[in-house]
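Below: the structure, in structure tokens.
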Amino acid sequence: MAKLSAQARARKIKLLLFDVDGVLTDGKLFIFPAPAGPQPSVLDQRTQAQSAQPAGQGGFGFESQSLIEAKGFHAHDGTSISLARLAGIKTGLITKRISETVALRARDLKLEYVRQGIDDKRAAFEDVVKEAGIKPQEAAFVGDDVIDLPAMRAAGLAIAVSNARAEVKREAHYVTPLGGGEGLRDAVEFILKAQGKWKNILEAYIGERSPKRSSQP
């Protein structure tokens with residue numbers, strides 16, 4: 001049986017999942033002093049439960065009352081989530097680290113699925129696919145490091161950012177032109193172009209943000 005091309009795989013995609021550090025960001029972590037006083041958490045109950053697990057039994061993050069972990073996100077990647085949504089493609093993240101910053105960004109982007117503190121990304125991928133009511137071949141996963149390989153292997157379309165580790169790029173069906181922190185936009189455009197939706201979605205996106213013209217002279 002002939003192997004499916006990356007474009008053929010992309011035509012089936014209804015769900016796009018991705019890693020955070022090194023994919024939604026360039027992989028750098030920034031540590032800053034935290035504001036004085038207790039800070040309310042924006043983590044959902046699932047993630048709070050993950051963060052309470054003993055070391056080695058779940059994900060991890062930078063926990064301190066006096067310091068806070070920050071990340072940088074690219075506006076182009078944010079736009080890509082809106083484009084995917086217009087095309088009817090659901091989106092979500094699966095990451096080992098636990099971060100308030102990621103929870104805020106996920107809420108800002110209106111991601112349908114947010115899985116933080118995940119040690120077994122394949123199991124999380126399969127759980128999200130089941131929840132979405134689709135088949136694994138209808139889901140894509142974007143990764144950059146070896147921990148992402150199990151989820152990528154389970155996905156119908158495996159995508160690596162351009163600065164991913166060599167082992168990851170070897171197993172990817174598609175490698176984005178840009179690296180982590182910018183490459184998610186490439187992934188979305190690749191899928192939408194393969195599905196023949198790019199021009200219409202782009203026009204729909206522009207139209208949503210253009211001021212309505214009055215019919216009055």
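Labeling convention for the structure tokens: chains A, B, ... as they appear, residues from 1 per chain, ligands from 1 in order of appearance.
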Shell of 8 Å around region 188-197 of chain A, only C-alpha atoms, local chain residues under 4 positions omitted, as a ChimeraX atom specification: /A:7-8,10-13,80-81,83-84,87,184,201
If we count only C-alpha atoms, what is near region 109-112 of chain A at a cut-off of 9 Å, once residues fewer than 2 positions away on the same chain are taken out, given as a PDB file with N, CA and C atoms, in the first residue's frame?
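Resulting contents of part14.pdb:
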ATOM      1  N   GLY A  78      -1.136  33.056  17.331  1.00  0.00           N
ATOM      2  CA  GLY A  78      -2.467  33.313  17.868  1.00  0.00           C
ATOM      3  C   GLY A  78      -3.492  33.461  16.765  1.00  0.00           C
ATOM      4  N   THR A  79      -3.117  34.163  15.704  1.00  0.00           N
ATOM      5  CA  THR A  79      -4.010  34.321  14.567  1.00  0.00           C
ATOM      6  C   THR A  79      -4.331  32.970  13.931  1.00  0.00           C
ATOM      7  N   ILE A  81      -4.798  30.163  15.302  1.00  0.00           N
ATOM      8  CA  ILE A  81      -5.860  29.479  16.037  1.00  0.00           C
ATOM      9  C   ILE A  81      -7.219  30.001  15.584  1.00  0.00           C
ATOM     10  N   SER A  82      -7.324  31.307  15.378  1.00  0.00           N
ATOM     11  CA  SER A  82      -8.576  31.890  14.885  1.00  0.00           C
ATOM     12  C   SER A  82      -8.891  31.380  13.484  1.00  0.00           C
ATOM     13  N   LYS A  90     -10.801  22.051  15.481  1.00  0.00           N
ATOM     14  CA  LYS A  90     -10.627  22.273  16.909  1.00  0.00           C
ATOM     15  C   LYS A  90      -9.138  22.265  17.251  1.00  0.00           C
ATOM     16  N   THR A  91      -8.796  22.924  18.349  1.00  0.00           N
ATOM     17  CA  THR A  91      -7.389  23.063  18.720  1.00  0.00           C
ATOM     18  C   THR A  91      -7.190  22.802  20.210  1.00  0.00           C
ATOM     19  N   GLY A  92      -5.963  22.419  20.552  1.00  0.00           N
ATOM     20  CA  GLY A  92      -5.656  22.196  21.958  1.00  0.00           C
ATOM     21  C   GLY A  92      -4.182  21.961  22.174  1.00  0.00           C
ATOM     22  N   LEU A  93      -3.763  22.007  23.426  1.00  0.00           N
ATOM     23  CA  LEU A  93      -2.362  21.809  23.772  1.00  0.00           C
ATOM     24  C   LEU A  93      -2.193  20.654  24.741  1.00  0.00           C
ATOM     25  N   LEU A 104      -3.516  31.039  30.974  1.00  0.00           N
ATOM     26  CA  LEU A 104      -4.027  32.332  30.514  1.00  0.00           C
ATOM     27  C   LEU A 104      -4.030  32.420  28.994  1.00  0.00           C
ATOM     28  N   ARG A 105      -2.943  31.954  28.374  1.00  0.00           N
ATOM     29  CA  ARG A 105      -2.859  32.015  26.911  1.00  0.00           C
ATOM     30  C   ARG A 105      -3.903  31.091  26.271  1.00  0.00           C
ATOM     31  N   ALA A 106      -4.105  29.920  26.857  1.00  0.00           N
ATOM     32  CA  ALA A 106      -5.108  28.993  26.333  1.00  0.00           C
ATOM     33  C   ALA A 106      -6.504  29.591  26.417  1.00  0.00           C
ATOM     34  N   ARG A 107      -6.769  30.280  27.515  1.00  0.00           N
ATOM     35  CA  ARG A 107      -8.074  30.936  27.669  1.00  0.00           C
ATOM     36  C   ARG A 107      -8.224  32.071  26.664  1.00  0.00           C
ATOM     37  N   VAL A 114      -7.136  21.611  26.806  1.00  0.00           N
ATOM     38  CA  VAL A 114      -5.920  22.051  27.498  1.00  0.00           C
ATOM     39  C   VAL A 114      -5.504  20.953  28.461  1.00  0.00           C
TER      40      VAL A 114
END
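Note that CA of Phe18 (chain A) and CA of Thr101 (chain A) are 16.2 Å apart.
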DSSP-assigned strand (DSSP E) among region 84-203 of chain A, expressed as a compact mmCIF listing (two decimals) with N, CA and C atoms, in the first residue's frame:
# COMPACT_ATOMS: atom_id res chain seq x y z
N LYS A 90 -10.80 22.05 15.48
CA LYS A 90 -10.63 22.27 16.91
C LYS A 90 -9.14 22.26 17.25
N THR A 91 -8.80 22.92 18.35
CA THR A 91 -7.39 23.06 18.72
C THR A 91 -7.19 22.80 20.21
N GLY A 92 -5.96 22.42 20.55
CA GLY A 92 -5.66 22.20 21.96
C GLY A 92 -4.18 21.96 22.17
N LEU A 93 -3.76 22.01 23.43
CA LEU A 93 -2.36 21.81 23.77
C LEU A 93 -2.19 20.65 24.74
N ILE A 94 -1.04 20.01 24.64
CA ILE A 94 -0.65 18.94 25.56
C ILE A 94 0.79 19.21 25.96
N TYR A 113 -9.17 22.23 24.05
CA TYR A 113 -8.57 21.19 24.89
C TYR A 113 -7.25 21.69 25.48
N VAL A 114 -7.14 21.61 26.81
CA VAL A 114 -5.92 22.05 27.50
C VAL A 114 -5.50 20.95 28.46
N ARG A 115 -4.35 20.37 28.20
CA ARG A 115 -3.83 19.30 29.05
C ARG A 115 -2.43 19.68 29.52
N ALA A 139 -6.62 13.68 13.42
CA ALA A 139 -5.97 14.61 14.35
C ALA A 139 -4.49 14.76 14.01
N ALA A 140 -3.99 15.98 14.17
CA ALA A 140 -2.57 16.28 13.95
C ALA A 140 -1.93 16.65 15.28
N PHE A 141 -0.62 16.40 15.38
CA PHE A 141 0.12 16.83 16.56
C PHE A 141 1.41 17.50 16.12
N VAL A 142 1.69 18.66 16.73
CA VAL A 142 2.90 19.43 16.43
C VAL A 142 3.86 19.33 17.62
N GLY A 143 5.08 18.85 17.36
CA GLY A 143 6.05 18.68 18.43
C GLY A 143 7.43 19.19 18.06
N LEU A 157 -1.45 13.10 11.24
CA LEU A 157 -0.48 14.01 10.64
C LEU A 157 0.49 14.46 11.74
N ALA A 158 1.75 14.08 11.60
CA ALA A 158 2.78 14.47 12.56
C ALA A 158 3.56 15.65 11.99
N ILE A 159 3.62 16.73 12.76
CA ILE A 159 4.29 17.95 12.30
C ILE A 159 5.40 18.30 13.28
N ALA A 160 6.55 18.69 12.75
CA ALA A 160 7.66 19.16 13.57
C ALA A 160 7.99 20.59 13.17
N TYR A 174 5.50 16.44 8.05
CA TYR A 174 5.69 17.79 7.55
C TYR A 174 6.52 18.57 8.57
N VAL A 175 7.49 19.35 8.07
CA VAL A 175 8.33 20.20 8.91
C VAL A 175 8.06 21.65 8.53
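A straight line drawn from CA of Val161 (chain A) to CA of Asp144 (chain A) is 6.0 Å long.
Here the question is which of A:Ile118, A:Leu24, A:Pro136, A:Phe32 gets nearest to Leu67 (chain A) using only C-alpha atoms, and that residue is A:Phe32.
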Separation of CA of Phe125 (chain A) from CA of Arg170 (chain A) in Å: 20.3 Å
Ser162 (chain A) environment, 12 Å, only C-alpha atoms, sequence neighbours closer than 5 positions dropped, as a PyMOL selection string: chain A and resi 22-23+26+142-145+168-170+172+174-184+186-187
